[in-house]
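Data file: upload_6.pdb. Format and content: PDB, C-alpha atoms, pLDDT in the B column.
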ATOM      1  CA  MET H   1      79.990 141.790 -92.338  1.00 92.00           C
ATOM      2  CA  ASN H   2      76.359 141.278 -91.332  1.00 95.00           C
ATOM      3  CA  LEU H   3      74.690 139.012 -93.917  1.00 96.00           C
ATOM      4  CA  LEU H   4      72.006 136.376 -93.448  1.00 95.00           C
ATOM      5  CA  SER H   5      70.685 134.047 -96.164  1.00 95.00           C
ATOM      6  CA  LEU H   6      68.126 131.320 -95.711  1.00 94.00           C
ATOM      7  CA  ASN H   7      65.271 129.410 -97.281  1.00 95.00           C
ATOM      8  CA  ALA H   8      62.080 130.419 -95.531  1.00 96.00           C
ATOM      9  CA  LYS H   9      58.298 130.384 -95.471  1.00 96.00           C
ATOM     10  CA  ILE H  10      56.003 133.023 -93.999  1.00 97.00           C
ATOM     11  CA  LEU H  11      54.378 131.808 -90.781  1.00 97.00           C
ATOM     12  CA  ASN H  12      52.372 134.980 -90.236  1.00 97.00           C
ATOM     13  CA  ARG H  13      52.436 138.582 -91.343  1.00 97.00           C
ATOM     14  CA  ASP H  14      50.907 141.879 -90.348  1.00 97.00           C
ATOM     15  CA  SER H  15      49.023 144.118 -92.743  1.00 97.00           C
ATOM     16  CA  ILE H  16      51.127 146.444 -94.857  1.00 97.00           C
ATOM     17  CA  ARG H  17      51.651 149.762 -93.098  1.00 97.00           C
ATOM     18  CA  TYR H  18      53.401 152.907 -94.285  1.00 97.00           C
ATOM     19  CA  ASN H  19      56.175 154.665 -92.414  1.00 96.00           C
ATOM     20  CA  TYR H  20      56.397 158.437 -91.933  1.00 97.00           C
ATOM     21  CA  ALA H  21      58.033 158.753 -95.390  1.00 97.00           C
ATOM     22  CA  GLY H  22      55.207 156.836 -97.076  1.00 97.00           C
ATOM     23  CA  ILE H  23      57.288 153.672 -97.655  1.00 98.00           C
ATOM     24  CA  PRO H  24      55.449 150.326 -97.340  1.00 98.00           C
ATOM     25  CA  VAL H  25      56.536 148.235 -94.328  1.00 98.00           C
ATOM     26  CA  LEU H  26      55.707 144.566 -93.788  1.00 98.00           C
ATOM     27  CA  GLU H  27      56.471 142.828 -90.492  1.00 98.00           C
ATOM     28  CA  MET H  28      56.283 139.034 -90.417  1.00 98.00           C
ATOM     29  CA  THR H  29      57.514 135.841 -88.808  1.00 97.00           C
ATOM     30  CA  LEU H  30      59.455 133.416 -90.984  1.00 97.00           C
ATOM     31  CA  SER H  31      60.172 129.729 -90.491  1.00 97.00           C
ATOM     32  CA  SER H  32      63.195 127.935 -91.862  1.00 96.00           C
ATOM     33  CA  PHE H  33      64.437 124.354 -91.878  1.00 94.00           C
ATOM     34  CA  SER H  34      67.905 123.320 -93.017  1.00 92.00           C
ATOM     35  CA  LYS H  35      70.600 120.715 -92.538  1.00 93.00           C
ATOM     36  CA  VAL H  36      74.135 121.856 -91.774  1.00 92.00           C
ATOM     37  CA  LEU H  37      77.447 120.247 -90.932  1.00 94.00           C
ATOM     38  CA  GLU H  38      79.047 121.246 -87.650  1.00 93.00           C
ATOM     39  CA  SER H  39      82.318 119.513 -86.742  1.00 94.00           C
ATOM     40  CA  ASN H  40      81.490 116.864 -89.344  1.00 94.00           C
ATOM     41  CA  VAL H  41      78.149 116.117 -87.666  1.00 96.00           C
ATOM     42  CA  GLU H  42      74.922 116.799 -89.531  1.00 95.00           C
ATOM     43  CA  ARG H  43      72.447 118.979 -87.630  1.00 95.00           C
ATOM     44  CA  ASN H  44      68.830 119.759 -88.400  1.00 95.00           C
ATOM     45  CA  ILE H  45      68.096 123.428 -87.820  1.00 94.00           C
ATOM     46  CA  ASN H  46      64.458 124.418 -87.427  1.00 96.00           C
ATOM     47  CA  LEU H  47      63.879 128.063 -86.514  1.00 95.00           C
ATOM     48  CA  THR H  48      61.498 130.974 -86.549  1.00 97.00           C
ATOM     49  CA  ILE H  49      62.627 134.562 -86.842  1.00 97.00           C
ATOM     50  CA  LYS H  50      60.946 137.960 -86.842  1.00 97.00           C
ATOM     51  CA  ALA H  51      61.465 139.765 -90.150  1.00 98.00           C
ATOM     52  CA  LEU H  52      60.862 143.111 -91.812  1.00 97.00           C
ATOM     53  CA  ALA H  53      60.680 144.203 -95.449  1.00 98.00           C
ATOM     54  CA  LEU H  54      60.383 147.693 -96.941  1.00 98.00           C
ATOM     55  CA  GLY H  55      59.233 149.181-100.233  1.00 97.00           C
ATOM     56  CA  ALA H  56      58.575 147.041-103.292  1.00 96.00           C
ATOM     57  CA  LEU H  57      59.902 143.975-101.473  1.00 96.00           C
ATOM     58  CA  ALA H  58      57.219 144.411 -98.793  1.00 97.00           C
ATOM     59  CA  MET H  59      54.554 144.560-101.496  1.00 96.00           C
ATOM     60  CA  SER H  60      55.924 141.392-103.151  1.00 94.00           C
ATOM     61  CA  LEU H  61      56.087 139.460 -99.870  1.00 96.00           C
ATOM     62  CA  ASP H  62      52.521 140.450 -99.050  1.00 95.00           C
ATOM     63  CA  LYS H  63      51.405 138.410-102.096  1.00 94.00           C
ATOM     64  CA  ILE H  64      53.421 135.240-101.364  1.00 94.00           C
ATOM     65  CA  PRO H  65      51.281 132.353-100.041  1.00 94.00           C
ATOM     66  CA  TYR H  66      52.103 131.118 -96.551  1.00 93.00           C
ATOM     67  CA  ASP H  67      53.193 127.640 -97.724  1.00 88.00           C
ATOM     68  CA  LYS H  68      55.504 128.985-100.450  1.00 94.00           C
ATOM     69  CA  GLU H  69      59.249 128.631 -99.806  1.00 95.00           C
ATOM     70  CA  PHE H  70      61.627 131.347-101.002  1.00 96.00           C
ATOM     71  CA  PHE H  71      65.301 132.251-100.604  1.00 96.00           C
ATOM     72  CA  ALA H  72      65.881 135.439 -98.635  1.00 96.00           C
ATOM     73  CA  THR H  73      68.956 137.543 -98.006  1.00 97.00           C
ATOM     74  CA  GLY H  74      69.389 140.505 -95.720  1.00 98.00           C
ATOM     75  CA  PHE H  75      70.894 141.462 -92.381  1.00 98.00           C
ATOM     76  CA  LEU H  76      70.195 141.237 -88.664  1.00 97.00           C
ATOM     77  CA  ALA H  77      69.549 144.318 -86.560  1.00 96.00           C
ATOM     78  CA  PRO H  78      68.162 145.004 -83.080  1.00 96.00           C
ATOM     79  CA  ILE H  79      64.424 145.692 -83.065  1.00 94.00           C
ATOM     80  CA  TYR H  80      65.158 149.017 -81.379  1.00 92.00           C
ATOM     81  CA  LYS H  81      68.184 150.855 -80.014  1.00 92.00           C
ATOM     82  CA  ASN H  82      70.003 148.933 -77.258  1.00 93.00           C
ATOM     83  CA  SER H  83      67.774 145.858 -77.670  1.00 95.00           C
ATOM     84  CA  VAL H  84      69.232 142.350 -77.499  1.00 95.00           C
ATOM     85  CA  ILE H  85      66.343 141.037 -79.642  1.00 94.00           C
ATOM     86  CA  LEU H  86      67.228 140.777 -83.335  1.00 95.00           C
ATOM     87  CA  ARG H  87      65.093 141.004 -86.473  1.00 97.00           C
ATOM     88  CA  PHE H  88      65.898 139.858 -90.019  1.00 98.00           C
ATOM     89  CA  HIS H  89      65.742 142.827 -92.416  1.00 97.00           C
ATOM     90  CA  LEU H  90      65.054 141.344 -95.840  1.00 98.00           C
ATOM     91  CA  GLN H  91      66.762 142.969 -98.819  1.00 97.00           C
ATOM     92  CA  LYS H  92      66.176 140.417-101.581  1.00 96.00           C
ATOM     93  CA  ILE H  93      64.090 137.308-102.183  1.00 96.00           C
ATOM     94  CA  ILE H  94      64.115 134.675-104.884  1.00 93.00           C
ATOM     95  CA  ASN H  95      60.919 132.683-105.306  1.00 80.00           C
ATOM     96  CA  SER H  96      61.351 128.952-105.739  1.00 58.00           C
ATOM     97  CA  ASP H  97      59.542 129.298-109.115  1.00 61.00           C
ATOM     98  CA  ASP H  98      62.169 131.733-110.472  1.00 50.00           C
TER
END
Represent the structure contained in this file as structure tokens.
Amino acid sequence: MNLLSLNAKILNRDSIRYNYAGIPVLEMTLSSFSKVLESNVERNINLTIKALALGALAMSLDKIPYDKEFFATGFLAPIYKNSVILRFHLQKIINSDD
């Protein structure tokens, strides 16, 4: 199974564009900070990741302020065929206000 969930904030985002089928596409960079246990040792994880959202989700994310944290779920996929670089494809978000 390929599933990624994390709390994140938008570091930067491109303008909404539309793919060949007319679906809104939003490319962005997310930041995330969390604490996890690994072998009973607490670790601080601070990361940035390239992300992509489509459709209504892209439109919603375009309105979220940069300093606003949200919970995102989705999957990882190569940015293009045969690439070793991965991108987070967002499928659902939950705002911290919800």
On this file, the PyMOL selection byres ((chain H and resi 50) around 9) gives some set of residues; write that set as a PyMOL selection string. chain H and resi 27-30+48-49+51-52+86-89
Given the PyMOL selection byres ((chain H and resi 64) around 12) and the file above, list the residues it selects as a PyMOL selection string. chain H and resi 8-13+28+57-63+65-70+93-97
Among the residues H:Thr73, H:Asn82, H:Ser15, H:Asn7, the one that comes closest to Asn46 of chain H [using all atoms listed in the file]: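 Looking only at the distances to Asn46 of chain H, the closest residue turns out to be H:Asn7.
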When distances are computed from all atoms listed in the file, which of H:Leu6, H:Leu54, H:Met1, H:Leu37 shows the smallest separation from Ala21 of chain H? H:Leu54
Got a sec to resolve the PyMOL selection byres ((chain H and resi 3) around 6) on this structure and send the residues as a ChimeraX atom specification? /H:2,4,74-75
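Distances to Asn44 of chain H were evaluated for H:Ser83, H:Val25, H:Ser32, H:Ala72 using all atoms listed in the file, and the minimum falls at H:Ser32.
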Do you have the atom CA of Leu76 of chain H-atom CA of Ala53 of chain H distance handy?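 Atom CA of Ala53 of chain H lies at a distance of 12.1 Å from atom CA of Leu76 of chain H.
Here atom CA of Arg43 of chain H is placed at a distance of 24.2 Å from atom CA of Ile85 of chain H.
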Would you compute the distance between atom CA of Asp14 of chain H and atom CA of Leu26 of chain H? Give it in Å to one decimal.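 Distance reported for this atom pair: 6.5 Å.
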Quick one: everything within 9 Å of Ile45 of chain H, counting only C-alpha atoms, minus sequence neighbours fewer than 2 positions away in the same chain. Send it as a list in words.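 Neighbouring residues, sequence-local ones excluded: Ser32, Phe33, Ser34, Lys35, Val36, Arg43 and Leu47 of chain H.
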Counting only C-alpha atoms, which residue out of H:Ser31, H:Val84, H:Gly55, H:Val41 sits closest to Arg17 of chain H?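 The closest residue to Arg17 of chain H is H:Gly55.
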Which residue gives the smallest distance to Tyr18 of chain H among H:Pro78, H:Ala56, H:Asn40, H:Lys92, with only C-alpha atoms counted? H:Ala56
Distance criterion (only C-alpha atoms): nearest to Leu90 of chain H out of H:Gly22, H:Ala77, H:Ile16, H:Glu42: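 The shortest atom-to-atom distance to Leu90 of chain H comes from H:Ala77.
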